[in-house]
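Structure below is protein-v1.pdb: PDB, C-alpha atoms and all ligand atoms.
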ATOM      1  CA  MET A1094      13.083 -17.290 -22.996
ATOM      2  CA  ASP A1095      11.958 -20.590 -21.387
ATOM      3  CA  LYS A1096       9.818 -20.106 -18.307
ATOM      4  CA  PRO A1097      11.955 -20.969 -15.261
ATOM      5  CA  SER A1098      10.571 -23.261 -12.565
ATOM      6  CA  LEU A1099      11.167 -22.639  -8.874
ATOM      7  CA  LEU A1100      13.823 -25.393  -8.934
ATOM      8  CA  ASP A1101      15.872 -23.494 -11.555
ATOM      9  CA  LEU A1102      15.879 -20.277  -9.603
ATOM     10  CA  PRO A1103      18.722 -18.790  -7.612
ATOM     11  CA  ALA A1104      18.108 -18.454  -3.868
ATOM     12  CA  PRO A1105      16.668 -15.078  -2.813
ATOM     13  CA  ALA A1106      20.035 -13.694  -1.621
ATOM     14  CA  GLU A1107      21.748 -14.829  -4.856
ATOM     15  CA  MET A1108      19.018 -13.141  -6.891
ATOM     16  CA  ARG A1109      19.540  -9.924  -4.937
ATOM     17  CA  ASP A1110      23.333 -10.083  -5.414
ATOM     18  CA  TRP A1111      22.875 -10.661  -9.147
ATOM     19  CA  ALA A1112      20.514  -7.671  -9.330
ATOM     20  CA  THR A1113      23.049  -5.526  -7.456
ATOM     21  CA  GLU A1114      25.702  -6.382 -10.050
ATOM     22  CA  GLN A1115      23.274  -5.335 -12.793
ATOM     23  CA  GLY A1116      22.496  -2.023 -11.057
ATOM     24  CA  ILE A1117      18.905  -3.018 -10.248
ATOM     25  CA  LEU A1118      17.376  -2.171  -6.883
ATOM     26  CA  ILE A1119      14.720  -4.707  -5.806
ATOM     27  CA  LEU A1120      11.921  -3.299  -3.663
ATOM     28  CA  ALA A1121       9.185  -5.472  -2.147
ATOM     29  CA  HIS A1122       5.980  -4.477  -0.438
ATOM     30  CA  SER A1123       5.246  -6.162   2.908
ATOM     31  CA  TYR A1124       2.232  -7.889   1.308
ATOM     32  CA  GLN A1125       4.498  -9.908  -0.998
ATOM     33  CA  GLU A1126       5.255 -13.570  -0.381
ATOM     34  CA  GLY A1127       8.311 -14.453   1.705
ATOM     35  CA  PHE A1128      10.636 -15.310  -1.222
ATOM     36  CA  LEU A1129      10.106 -11.884  -2.782
ATOM     37  CA  GLN A1130      10.645 -10.122   0.552
ATOM     38  CA  ASP A1131      13.854 -12.116   1.067
ATOM     39  CA  ALA A1132      15.119 -11.281  -2.428
ATOM     40  CA  ALA A1133      14.548  -7.538  -1.997
ATOM     41  CA  HIS A1134      17.097  -4.915  -1.027
ATOM     42  CA  PHE A1135      14.315  -3.188   0.929
ATOM     43  CA  VAL A1136      10.878  -4.210   2.212
ATOM     44  CA  GLY A1137       8.307  -1.650   3.294
ATOM     45  CA  ASP A1138       5.021   0.070   2.566
ATOM     46  CA  SER A1139       4.511   1.710  -0.803
ATOM     47  CA  LEU A1140       5.654   5.153   0.217
ATOM     48  CA  GLU A1141       8.687   4.003   2.212
ATOM     49  CA  LEU A1142       9.775   2.096  -0.874
ATOM     50  CA  ALA A1143       9.230   4.980  -3.277
ATOM     51  CA  ARG A1144      11.207   7.263  -0.971
ATOM     52  CA  LYS A1145      13.943   4.665  -0.712
ATOM     53  CA  ALA A1146      14.107   4.451  -4.493
ATOM     54  CA  ALA A1147      14.435   8.234  -4.768
ATOM     55  CA  ALA A1148      17.097   8.396  -2.052
ATOM     56  CA  GLU A1149      19.155   5.629  -3.672
ATOM     57  CA  GLN A1150      19.075   7.374  -7.087
ATOM     58  CA  ALA A1151      18.793   3.927  -8.648
ATOM     59  CA  GLU A1152      19.166   3.623 -12.416
ATOM     60  CA  ALA A1153      16.759   0.662 -12.413
ATOM     61  CA  ILE A1154      14.188  -0.477  -9.871
ATOM     62  CA  CYS A1155      12.360  -3.786  -9.834
ATOM     63  CA  PHE A1156       9.191  -3.146  -7.817
ATOM     64  CA  CYS A1157       7.475  -6.198  -6.325
ATOM     65  CA  GLY A1158       4.073  -4.796  -5.486
ATOM     66  CA  VAL A1159       1.145  -3.523  -7.532
ATOM     67  CA  HIS A1160       0.904  -1.066 -10.398
ATOM     68  CA  PHE A1161       0.153   2.148  -8.476
ATOM     69  CA  MET A1162       3.194   1.522  -6.249
ATOM     70  CA  ALA A1163       5.493   1.181  -9.248
ATOM     71  CA  GLU A1164       3.977   4.393 -10.643
ATOM     72  CA  THR A1165       4.724   6.193  -7.367
ATOM     73  CA  ALA A1166       8.340   5.026  -7.580
ATOM     74  CA  LYS A1167       8.499   6.327 -11.163
ATOM     75  CA  ILE A1168       7.046   9.708 -10.117
ATOM     76  CA  LEU A1169       9.710  10.124  -7.429
ATOM     77  CA  SER A1170      12.508   8.606  -9.563
ATOM     78  CA  PRO A1171      11.631   9.595 -13.154
ATOM     79  CA  GLN A1172      15.180   8.854 -14.315
ATOM     80  CA  ALA A1173      14.917   5.186 -13.336
ATOM     81  CA  GLU A1174      13.681   2.238 -15.352
ATOM     82  CA  VAL A1175      10.855   0.810 -13.213
ATOM     83  CA  ILE A1176      10.513  -2.905 -13.859
ATOM     84  CA  VAL A1177       7.707  -5.056 -12.419
ATOM     85  CA  PRO A1178       7.310  -8.851 -12.301
ATOM     86  CA  ASP A1179       3.722  -8.648 -13.615
ATOM     87  CA  LEU A1180       2.216  -5.633 -15.345
ATOM     88  CA  GLU A1181      -1.301  -6.918 -14.591
ATOM     89  CA  ALA A1182      -0.861  -6.714 -10.812
ATOM     90  CA  GLY A1183      -3.475  -4.041 -10.093
ATOM     91  CA  CYS A1184      -5.543  -3.008  -7.070
ATOM     92  CA  SER A1185      -9.306  -2.995  -6.454
ATOM     93  CA  LEU A1186      -8.989   0.193  -4.438
ATOM     94  CA  ALA A1187      -7.014   2.123  -7.055
ATOM     95  CA  ASP A1188      -9.388   0.829  -9.761
ATOM     96  CA  SER A1189     -12.402   2.189  -7.864
ATOM     97  CA  CYS A1190     -11.362   5.783  -8.586
ATOM     98  CA  ARG A1191     -10.927   6.652 -12.249
ATOM     99  CA  ALA A1192      -9.335  10.012 -12.971
ATOM    100  CA  GLU A1193     -12.105  11.134 -15.304
ATOM    101  CA  ASP A1194     -14.783  10.349 -12.688
ATOM    102  CA  LEU A1195     -12.803  12.216 -10.053
ATOM    103  CA  ARG A1196     -12.400  15.249 -12.306
ATOM    104  CA  GLN A1197     -16.182  15.334 -12.874
ATOM    105  CA  TYR A1198     -16.926  14.957  -9.170
ATOM    106  CA  GLN A1199     -14.481  17.731  -8.224
ATOM    107  CA  LYS A1200     -16.283  19.968 -10.723
ATOM    108  CA  PHE A1201     -19.696  19.001  -9.351
ATOM    109  CA  LEU A1202     -18.630  19.633  -5.739
ATOM    110  CA  THR A1203     -17.065  22.982  -6.605
ATOM    111  CA  GLY A1204     -20.424  24.094  -8.033
ATOM    112  CA  LYS A1205     -22.396  22.666  -5.128
ATOM    113  CA  LEU A1206     -20.171  24.026  -2.335
ATOM    114  CA  GLY A1207     -19.364  27.340  -4.009
ATOM    115  CA  ARG A1208     -15.641  26.634  -3.665
ATOM    116  CA  ARG A1209     -13.222  23.941  -4.665
ATOM    117  CA  PRO A1210     -12.778  21.293  -1.968
ATOM    118  CA  THR A1211      -9.250  20.171  -1.104
ATOM    119  CA  THR A1212      -8.724  16.693  -2.530
ATOM    120  CA  VAL A1213      -6.751  14.388  -0.240
ATOM    121  CA  ALA A1214      -5.786  11.148  -1.992
ATOM    122  CA  TYR A1215      -4.675   8.045  -0.156
ATOM    123  CA  VAL A1216      -1.492   6.817  -1.844
ATOM    124  CA  ASN A1217      -3.350   3.719  -3.143
ATOM    125  CA  CYS A1218      -4.497   5.390  -6.357
ATOM    126  CA  SER A1219      -3.257   5.806  -9.907
ATOM    127  CA  ALA A1220      -0.768   8.447 -11.037
ATOM    128  CA  ALA A1221      -3.592  10.158 -12.961
ATOM    129  CA  VAL A1222      -5.609  10.476  -9.730
ATOM    130  CA  LYS A1223      -2.569  11.679  -7.772
ATOM    131  CA  ALA A1224      -2.152  14.379 -10.422
ATOM    132  CA  LEU A1225      -5.690  15.637  -9.628
ATOM    133  CA  ALA A1226      -5.117  15.629  -5.858
ATOM    134  CA  ASP A1227      -3.927  18.536  -3.741
ATOM    135  CA  VAL A1228      -2.101  16.316  -1.296
ATOM    136  CA  ILE A1229      -1.417  12.594  -0.841
ATOM    137  CA  CYS A1230      -1.487  10.665   2.429
ATOM    138  CA  THR A1231      -0.654   7.200   3.713
ATOM    139  CA  SER A1232      -2.479   5.284   6.429
ATOM    140  CA  GLY A1233       0.352   6.312   8.772
ATOM    141  CA  ASN A1234       0.266  10.080   8.189
ATOM    142  CA  ALA A1235      -3.358  10.618   7.064
ATOM    143  CA  GLY A1236      -4.355  12.162  10.416
ATOM    144  CA  LYS A1237      -1.560  14.745  10.219
ATOM    145  CA  VAL A1238      -2.358  15.569   6.606
ATOM    146  CA  VAL A1239      -6.059  16.107   7.349
ATOM    147  CA  ASP A1240      -5.285  18.155  10.483
ATOM    148  CA  SER A1241      -3.048  20.450   8.424
ATOM    149  CA  ILE A1242      -6.041  21.655   6.373
ATOM    150  CA  GLU A1243      -8.012  24.659   7.675
ATOM    151  CA  PRO A1244     -11.061  23.391   9.639
ATOM    152  CA  GLU A1245     -13.579  25.306   7.520
ATOM    153  CA  GLN A1246     -12.110  24.085   4.221
ATOM    154  CA  PRO A1247     -14.183  21.220   2.729
ATOM    155  CA  ILE A1248     -12.220  18.057   1.939
ATOM    156  CA  LEU A1249     -12.865  15.342  -0.613
ATOM    157  CA  PHE A1250     -11.106  12.149   0.489
ATOM    158  CA  VAL A1251     -10.371   9.465  -2.128
ATOM    159  CA  PRO A1252     -10.464   6.541  -2.771
ATOM    160  CA  ASP A1253     -10.903   4.460   0.431
ATOM    161  CA  MET A1254     -14.210   5.069   2.216
ATOM    162  CA  HIS A1255     -13.270   3.033   5.302
ATOM    163  CA  LEU A1256     -10.003   4.875   5.869
ATOM    164  CA  GLY A1257     -11.887   8.131   5.246
ATOM    165  CA  ALA A1258     -14.636   7.194   7.729
ATOM    166  CA  TRP A1259     -12.029   6.319  10.356
ATOM    167  CA  LEU A1260     -10.316   9.684   9.792
ATOM    168  CA  ASN A1261     -13.666  11.434  10.186
ATOM    169  CA  GLU A1262     -14.150   9.588  13.495
ATOM    170  CA  VAL A1263     -10.762  10.479  14.945
ATOM    171  CA  SER A1264     -10.520  14.032  13.569
ATOM    172  CA  GLY A1265     -14.155  15.109  13.978
ATOM    173  CA  ARG A1266     -14.123  16.308  10.335
ATOM    174  CA  GLU A1267     -16.922  15.645   7.903
ATOM    175  CA  MET A1268     -14.893  14.897   4.811
ATOM    176  CA  ILE A1269     -16.747  13.893   1.673
ATOM    177  CA  LEU A1270     -15.759  10.299   0.948
ATOM    178  CA  TRP A1271     -15.228   8.479  -2.327
ATOM    179  CA  ASN A1272     -16.801   5.020  -2.130
ATOM    180  CA  GLY A1273     -13.802   2.817  -2.966
ATOM    181  CA  THR A1274     -12.708  -0.173  -0.912
ATOM    182  CA  CYS A1275      -9.907  -2.720  -0.723
ATOM    183  CA  MET A1276     -11.222  -6.186  -1.551
ATOM    184  CA  VAL A1277      -8.967  -7.775   1.094
ATOM    185  CA  HIS A1278      -9.591  -5.492   4.064
ATOM    186  CA  GLU A1279     -13.304  -5.256   3.404
ATOM    187  CA  LEU A1280     -13.885  -8.972   3.811
ATOM    188  CA  PHE A1281     -12.691  -9.883   7.293
ATOM    189  CA  SER A1282     -15.248 -11.879   9.231
ATOM    190  CA  VAL A1283     -16.638 -10.310  12.425
ATOM    191  CA  GLU A1284     -17.790 -13.694  13.788
ATOM    192  CA  THR A1285     -14.430 -15.385  13.230
ATOM    193  CA  LEU A1286     -12.568 -12.443  14.716
ATOM    194  CA  GLN A1287     -14.746 -12.556  17.839
ATOM    195  CA  ALA A1288     -14.220 -16.332  18.099
ATOM    196  CA  LEU A1289     -10.437 -15.892  17.819
ATOM    197  CA  GLN A1290     -10.464 -13.197  20.486
ATOM    198  CA  ALA A1291     -12.459 -15.468  22.826
ATOM    199  CA  GLU A1292     -10.109 -18.370  22.143
ATOM    200  CA  HIS A1293      -6.957 -16.281  22.735
ATOM    201  CA  GLU A1294      -7.696 -14.399  25.911
ATOM    202  CA  GLY A1295      -5.208 -11.582  26.491
ATOM    203  CA  SER A1296      -4.406 -11.283  22.793
ATOM    204  CA  VAL A1297      -4.077  -7.896  21.115
ATOM    205  CA  THR A1298      -6.016  -7.217  17.900
ATOM    206  CA  MET A1299      -4.559  -4.873  15.282
ATOM    207  CA  ALA A1300      -6.667  -3.784  12.298
ATOM    208  CA  HIS A1301      -5.649  -1.762   9.267
ATOM    209  CA  PRO A1302      -7.744   1.411   8.797
ATOM    210  CA  GLU A1303      -8.853   0.095   5.387
ATOM    211  CA  CYS A1304     -11.040  -2.349   7.394
ATOM    212  CA  PRO A1305     -14.708  -1.463   7.871
ATOM    213  CA  LYS A1306     -15.960   0.005  11.143
ATOM    214  CA  ASN A1307     -17.278  -3.303  12.521
ATOM    215  CA  ILE A1308     -13.744  -4.757  12.416
ATOM    216  CA  ARG A1309     -12.054  -1.552  13.617
ATOM    217  CA  ASP A1310     -14.420  -1.350  16.580
ATOM    218  CA  LEU A1311     -13.417  -4.869  17.667
ATOM    219  CA  SER A1312      -9.710  -4.002  17.550
ATOM    220  CA  ASP A1313      -7.336  -2.709  20.223
ATOM    221  CA  HIS A1314      -5.289  -0.771  17.666
ATOM    222  CA  VAL A1315      -6.092   0.696  14.253
ATOM    223  CA  LEU A1316      -2.736   1.059  12.515
ATOM    224  CA  GLY A1317      -1.106   1.163   9.100
ATOM    225  CA  THR A1318       1.516  -1.482   8.369
ATOM    226  CA  ALA A1319       4.429   0.682   9.575
ATOM    227  CA  GLY A1320       2.596   1.380  12.851
ATOM    228  CA  MET A1321       1.847  -2.327  13.288
ATOM    229  CA  LEU A1322       5.507  -3.156  12.793
ATOM    230  CA  ARG A1323       6.570  -0.589  15.398
ATOM    231  CA  LEU A1324       4.069  -2.024  17.905
ATOM    232  CA  VAL A1325       5.126  -5.661  17.502
ATOM    233  CA  LYS A1326       8.832  -4.774  17.656
ATOM    234  CA  ALA A1327       8.218  -2.959  20.946
ATOM    235  CA  SER A1328       6.227  -5.916  22.390
ATOM    236  CA  GLU A1329       7.506  -9.006  24.148
ATOM    237  CA  GLY A1330       5.770 -12.393  24.226
ATOM    238  CA  LYS A1331       2.371 -11.073  23.111
ATOM    239  CA  THR A1332      -0.213 -12.767  20.914
ATOM    240  CA  PHE A1333      -1.425 -10.527  18.096
ATOM    241  CA  ILE A1334      -4.512 -11.114  15.985
ATOM    242  CA  VAL A1335      -3.799  -9.315  12.724
ATOM    243  CA  ALA A1336      -6.479  -7.921  10.404
ATOM    244  CA  THR A1337      -4.483  -6.985   7.336
ATOM    245  CA  GLU A1338      -3.114  -8.784   4.277
ATOM    246  CA  GLY A1339      -1.812 -12.207   5.325
ATOM    247  CA  ASN A1340       1.773 -11.902   4.061
ATOM    248  CA  MET A1341       2.411  -9.147   6.601
ATOM    249  CA  ILE A1342       2.724 -11.948   9.154
ATOM    250  CA  TYR A1343       5.902 -13.160   7.410
ATOM    251  CA  ARG A1344       7.534  -9.792   8.083
ATOM    252  CA  PHE A1345       6.367  -9.733  11.708
ATOM    253  CA  GLN A1346       7.748 -13.223  12.317
ATOM    254  CA  LYS A1347      11.056 -12.258  10.760
ATOM    255  CA  GLU A1348      11.499  -8.900  12.499
ATOM    256  CA  ALA A1349       9.714  -9.543  15.822
ATOM    257  CA  PRO A1350       9.825 -13.329  16.392
ATOM    258  CA  GLN A1351       9.305 -12.907  20.150
ATOM    259  CA  ASN A1352       5.515 -12.649  19.635
ATOM    260  CA  THR A1353       2.824 -14.975  18.261
ATOM    261  CA  TYR A1354       0.763 -13.860  15.255
ATOM    262  CA  ILE A1355      -2.663 -15.084  14.226
ATOM    263  CA  PRO A1356      -4.043 -13.845  10.899
ATOM    264  CA  ALA A1357      -7.699 -12.810  10.964
ATOM    265  CA  PRO A1358      -9.427 -14.833   8.240
ATOM    266  CA  GLY A1359     -11.650 -13.476   5.493
ATOM    267  CA  ALA A1360     -15.424 -13.976   5.510
ATOM    268  CA  SER A1361     -15.713 -16.262   2.512
ATOM    269  CA  CYS A1362     -12.591 -18.394   3.016
ATOM    270  CA  ALA A1363      -9.691 -18.754   5.427
ATOM    271  CA  CYS A1364      -7.459 -16.774   3.108
ATOM    272  CA  ASN A1365      -6.710 -13.076   3.460
ATOM    273  CA  LEU A1366      -4.178 -12.708   0.666
ATOM    274  CA  CYS A1367      -4.401 -10.037  -2.012
ATOM    275  CA  PRO A1368      -4.897 -11.717  -5.410
ATOM    276  CA  HIS A1369      -3.219  -8.763  -7.126
ATOM    277  CA  MET A1370      -0.089  -8.976  -4.990
ATOM    278  CA  GLN A1371      -0.043 -12.727  -5.528
ATOM    279  CA  ARG A1372       0.362 -12.307  -9.269
ATOM    280  CA  ASN A1373       4.035 -11.637  -8.551
ATOM    281  CA  THR A1374       6.017 -14.852  -8.168
ATOM    282  CA  PRO A1375       9.716 -15.708  -7.755
ATOM    283  CA  GLU A1376       9.765 -17.002 -11.341
ATOM    284  CA  LYS A1377       8.334 -13.749 -12.714
ATOM    285  CA  LEU A1378      10.764 -11.712 -10.629
ATOM    286  CA  TRP A1379      13.735 -13.634 -12.020
ATOM    287  CA  GLU A1380      12.482 -13.259 -15.598
ATOM    288  CA  ALA A1381      11.848  -9.544 -15.115
ATOM    289  CA  LEU A1382      15.328  -8.975 -13.690
ATOM    290  CA  GLN A1383      16.972 -10.697 -16.635
ATOM    291  CA  SER A1384      14.883  -9.112 -19.384
ATOM    292  CA  ARG A1385      14.336  -5.732 -17.627
ATOM    293  CA  GLN A1386      10.725  -6.090 -18.757
ATOM    294  CA  PRO A1387       7.892  -5.283 -18.314
ATOM    295  CA  GLN A1388       8.309  -1.659 -17.305
ATOM    296  CA  VAL A1389       5.878   0.852 -15.856
ATOM    297  CA  ASP A1390       5.784   4.319 -17.306
ATOM    298  CA  VAL A1391       3.859   7.406 -16.211
ATOM    299  CA  PRO A1392       2.673   9.925 -18.831
ATOM    300  CA  ALA A1393       4.741  13.115 -18.596
ATOM    301  CA  GLU A1394       1.699  15.307 -17.867
ATOM    302  CA  PHE A1395       0.981  13.423 -14.615
ATOM    303  CA  ILE A1396       4.507  13.357 -13.225
ATOM    304  CA  GLU A1397       4.864  16.969 -12.090
ATOM    305  CA  PRO A1398       1.401  17.506 -10.495
ATOM    306  CA  ALA A1399       1.533  14.064  -8.846
ATOM    307  CA  ARG A1400       5.030  14.756  -7.522
ATOM    308  CA  GLN A1401       3.867  18.092  -6.091
ATOM    309  CA  ALA A1402       0.964  16.380  -4.287
ATOM    310  CA  LEU A1403       3.392  13.798  -2.868
ATOM    311  CA  GLU A1404       5.859  16.490  -1.815
ATOM    312  CA  ARG A1405       3.130  18.438  -0.007
ATOM    313  CA  MET A1406       2.530  15.303   2.031
ATOM    314  CA  LEU A1407       6.239  14.855   2.735
ATOM    315  CA  ALA A1408       6.467  18.469   3.921
ATOM    316  CA  ILE A1409       3.583  17.884   6.366
ATOM    317  CA  SER A1410       4.767  14.545   7.724
TER     318      SER A1410
HETATM  319  S1  LIG B1501      -4.380  -5.360  -0.457
HETATM  320 FE1  LIG B1501      -6.112  -4.088  -1.162
HETATM  321  S2  LIG B1501      -5.270  -2.017  -1.345
HETATM  322 FE2  LIG B1501      -3.510  -3.457  -1.265
HETATM  323  S3  LIG B1501      -3.073  -3.918  -3.439
HETATM  324 FE3  LIG B1501      -4.491  -5.523  -2.707
HETATM  325  S4  LIG B1501      -6.541  -4.741  -3.298
HETATM  326 FE4  LIG B1501      -5.123  -2.994  -3.374
END

As a first step, turn the structure in this file into C-alpha cells.
Ligand code: SF4
Amino acid sequence: MDKPSLLDLPAPAEMRDWATEQGILILAHSYQEGFLQDAAHFVGDSLELARKAAAEQAEAICFCGVHFMAETAKILSPQAEVIVPDLEAGCSLADSCRAEDLRQYQKFLTGKLGRRPTTVAYVNCSAAVKALADVICTSGNAGKVVDSIEPEQPILFVPDMHLGAWLNEVSGREMILWNGTCMVHELFSVETLQALQAEHEGSVTMAHPECPKNIRDLSDHVLGTAGMLRLVKASEGKTFIVATEGNMIYRFQKEAPQNTYIPAPGASCACNLCPHMQRNTPEKLWEALQSRQPQVDVPAEFIEPARQALERMLAIS
C-alpha cells in the first residue's frame, strides 16, 4: 500500500465514522496529538481507555498510545483484535522494569525480609510485569491502593520511583521503590518553572506525580491527568502552568477553554512531548485502520494473572 500523505487523509471525524462502519473502536491517550484525539471515539488515560474497551465489547480496537496501554486493553478485552498505529511506540518507564529482573528482586526481597512483599505496579508497565504484581494502580488511585494494604505488610512499588516517593510522602509508608522514571516527566526545568511562576503571578501550577520532588514541591497540585482535567473543568478564568506531557494542553483547551494553559518546558529544550507517543501519526492511524495491522498480542500465560491484578485495583477504587 502506498504511504498516504496528510493531504490524502480523511478528516478526523470521517476517519472515526469509517472505523465505526468497520467495527473498529478508536481509543486515544490524552498525550496524543490533536488529530488523533479528534479521530478517536474516546480520549482518556490508559486505564479509562482499557475499561472503555472492555465495556464496549469491541471486536476490534485501534489504540493510539504506547505498547503497554494496548496490552492492557488486550488483557481486559482478550476477544478483541488490538491494532496500533506503530508497534515500536514504547515507554522509557515500562522499559525500566523487565519481568525477569522483577522476579529476581521479588525473590531477593522475600529472603531478606522473611516474607514476600506485596508488589504494587503502576499501570505503566508491561503485561509480563503486571502478571508478577499483586495489584495495579494508576496515578489517580495509587493512594487508595496503597492504603488498602495492611500497614505492617512490606510493599515493593514498581516501576516509577518518583510516583513511589510521592506516595511514601503522602501515606507515611516506606515502600521499597524500583528505580524507573519517565523520560518526559523527569526532565522539567526547575529554573524555567520558577521563572514562569514569577512571570504569571496568581497562576496555578499542576504537576504529574511522575515528576521529581523538586518539581512537585514547586507545584500547587500534584495530580494525575484525570485529576488535572477535573480541576481545570471546575475552574473559571485561571492560568495553569502544566508540568506533564505537552499534548495534554490540547485536551484542556478543548474541554475547559475558559482557562489559560502554559506548558512547563523541559530542561534541555522547550519541548515536553513524549517521543514514544509521537511515533503515532494520522497517516499511520489511517494505514492501521485499513490494514488492521500491526496488532498487539499478550502471551496467554500473562493474561489471567495480569487481569487479576487489574481487577484487584478496580475492586479497591
Ligand atoms: S510520557 Fe513517559 S510514561 Fe508516558 S509513554 Fe512517554 S515515556 Fe512512558

Taking the file as I've supplied it (selection: the PyMOL selection byres (((not hetatm)) within 8 of (chain B and resi 1501))), which residues are included? Please answer as a list in words.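 That expression, the PyMOL selection byres (((not hetatm)) within 8 of (chain B and resi 1501)), corresponds here to Tyr1124, Gly1158, Val1159, Gly1183, Cys1184, Ser1185, Leu1186, Ala1187, Asn1217, Thr1274, Cys1275, Met1276, Val1277, His1278, Glu1303, Thr1337, Glu1338, Leu1366, Cys1367, Pro1368, His1369 and Met1370 of chain A.
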
Skip segment 1141-1150 of chain A itself and residues of its chain fewer than 2 positions away, then list as a list in words all residues within 7 Å of it, counting all atoms listed in the file.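 Neighbouring residues, sequence-local ones excluded: Leu1120, Gly1137, Asp1138, Ser1139, Glu1152, Thr1165, Ala1166, Leu1169 and Ser1170 of chain A.
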
On this structure, which residues satisfy the PyMOL selection byres (((chain A and resi 1125) around 10) and not hetatm), written as a ChimeraX atom specification? /A:1121-1124,1126-1131,1136,1157-1159,1338-1341,1343-1344,1366-1367,1369-1374

Would you output that residue set with C-alpha atoms, as a PDB file, in the frame of the given file?
ATOM      1  CA  ALA A1121       9.185  -5.472  -2.147  1.00  0.00           C
ATOM      2  CA  HIS A1122       5.980  -4.477  -0.438  1.00  0.00           C
ATOM      3  CA  SER A1123       5.246  -6.162   2.908  1.00  0.00           C
ATOM      4  CA  TYR A1124       2.232  -7.889   1.308  1.00  0.00           C
ATOM      5  CA  GLU A1126       5.255 -13.570  -0.381  1.00  0.00           C
ATOM      6  CA  GLY A1127       8.311 -14.453   1.705  1.00  0.00           C
ATOM      7  CA  PHE A1128      10.636 -15.310  -1.222  1.00  0.00           C
ATOM      8  CA  LEU A1129      10.106 -11.884  -2.782  1.00  0.00           C
ATOM      9  CA  GLN A1130      10.645 -10.122   0.552  1.00  0.00           C
ATOM     10  CA  ASP A1131      13.854 -12.116   1.067  1.00  0.00           C
ATOM     11  CA  VAL A1136      10.878  -4.210   2.212  1.00  0.00           C
ATOM     12  CA  CYS A1157       7.475  -6.198  -6.325  1.00  0.00           C
ATOM     13  CA  GLY A1158       4.073  -4.796  -5.486  1.00  0.00           C
ATOM     14  CA  VAL A1159       1.145  -3.523  -7.532  1.00  0.00           C
ATOM     15  CA  GLU A1338      -3.114  -8.784   4.277  1.00  0.00           C
ATOM     16  CA  GLY A1339      -1.812 -12.207   5.325  1.00  0.00           C
ATOM     17  CA  ASN A1340       1.773 -11.902   4.061  1.00  0.00           C
ATOM     18  CA  MET A1341       2.411  -9.147   6.601  1.00  0.00           C
ATOM     19  CA  TYR A1343       5.902 -13.160   7.410  1.00  0.00           C
ATOM     20  CA  ARG A1344       7.534  -9.792   8.083  1.00  0.00           C
ATOM     21  CA  LEU A1366      -4.178 -12.708   0.666  1.00  0.00           C
ATOM     22  CA  CYS A1367      -4.401 -10.037  -2.012  1.00  0.00           C
ATOM     23  CA  HIS A1369      -3.219  -8.763  -7.126  1.00  0.00           C
ATOM     24  CA  MET A1370      -0.089  -8.976  -4.990  1.00  0.00           C
ATOM     25  CA  GLN A1371      -0.043 -12.727  -5.528  1.00  0.00           C
ATOM     26  CA  ARG A1372       0.362 -12.307  -9.269  1.00  0.00           C
ATOM     27  CA  ASN A1373       4.035 -11.637  -8.551  1.00  0.00           C
ATOM     28  CA  THR A1374       6.017 -14.852  -8.168  1.00  0.00           C
TER      29      THR A1374
END

Near Thr1212 of chain A, within 9 Å and counting all atoms listed in the file, which residues show up once chain neighbours fewer than 6 positions away are dropped, as a PyMOL selection string? chain A and resi 1199+1225-1229+1247-1251

So which one's closest to Leu1202 of chain A, A:Ile1269, A:Asp1179, A:Ala1300, A:Phe1395? Using only C-alpha atoms, please.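 Going through A:Ile1269, A:Asp1179, A:Ala1300, A:Phe1395 one by one, the smallest distance to Leu1202 of chain A is for A:Ile1269.
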
Can you write out as JSON lines which residues of segment 1162-1254 of chain A fall within 12 Å of segment 1097-1116 of chain A, alongside each residue's closest atom pair and its distance in Å to one decimal, counting all atoms listed in the file and ordering rows by chain and ascending residue number?
{"residue": "A:Ala1173", "atom": "CA", "partner": "A:Gly1116", "partner_atom": "CA", "distance": 10.7}
{"residue": "A:Glu1174", "atom": "CA", "partner": "A:Gly1116", "partner_atom": "CA", "distance": 10.7}
{"residue": "A:Ile1176", "atom": "CA", "partner": "A:Ala1112", "partner_atom": "CA", "distance": 12.0}

Interatomic distance between atom CA of Pro1387 of chain A and atom CA of Leu1180 of chain A?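 Distance between the two atoms: 6.4 Å.
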
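With distances restricted to all atoms listed in the file, A:Val1389 is the closest residue to Ala1182 of chain A from A:Arg1309, A:Thr1203, A:Val1389, A:Val1222.
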
Since I can't run it myself right now, could you work out what the PyMOL selection byres (((chain A and resi 1352-1354) around 9) and not hetatm) selects here and report it as a ChimeraX atom specification? /A:1325-1326,1328-1335,1342,1345-1346,1349-1351,1355-1356

Just C-alpha atoms for this one: save the residues we selected as a PDB file, in the coordinates of the input.
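And here's part.pdb as it stands now:
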ATOM      1  CA  VAL A1325       5.126  -5.661  17.502  1.00  0.00           C
ATOM      2  CA  LYS A1326       8.832  -4.774  17.656  1.00  0.00           C
ATOM      3  CA  SER A1328       6.227  -5.916  22.390  1.00  0.00           C
ATOM      4  CA  GLU A1329       7.506  -9.006  24.148  1.00  0.00           C
ATOM      5  CA  GLY A1330       5.770 -12.393  24.226  1.00  0.00           C
ATOM      6  CA  LYS A1331       2.371 -11.073  23.111  1.00  0.00           C
ATOM      7  CA  THR A1332      -0.213 -12.767  20.914  1.00  0.00           C
ATOM      8  CA  PHE A1333      -1.425 -10.527  18.096  1.00  0.00           C
ATOM      9  CA  ILE A1334      -4.512 -11.114  15.985  1.00  0.00           C
ATOM     10  CA  VAL A1335      -3.799  -9.315  12.724  1.00  0.00           C
ATOM     11  CA  ILE A1342       2.724 -11.948   9.154  1.00  0.00           C
ATOM     12  CA  PHE A1345       6.367  -9.733  11.708  1.00  0.00           C
ATOM     13  CA  GLN A1346       7.748 -13.223  12.317  1.00  0.00           C
ATOM     14  CA  ALA A1349       9.714  -9.543  15.822  1.00  0.00           C
ATOM     15  CA  PRO A1350       9.825 -13.329  16.392  1.00  0.00           C
ATOM     16  CA  GLN A1351       9.305 -12.907  20.150  1.00  0.00           C
ATOM     17  CA  ILE A1355      -2.663 -15.084  14.226  1.00  0.00           C
ATOM     18  CA  PRO A1356      -4.043 -13.845  10.899  1.00  0.00           C
TER      19      PRO A1356
END

Do a neighbour search on Ile1154 of chain A at 6 Å with all atoms listed in the file, toss out local chain neighbours closer than 3 positions, and write the hits as number ranges by chain. A: 1117-1119, 1175-1176

To one decimal place in Å, what is the distance between atom CA of Gln1388 of chain A and atom CA of Pro1171 of chain A?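 Interatomic distance here is 12.4 Å.
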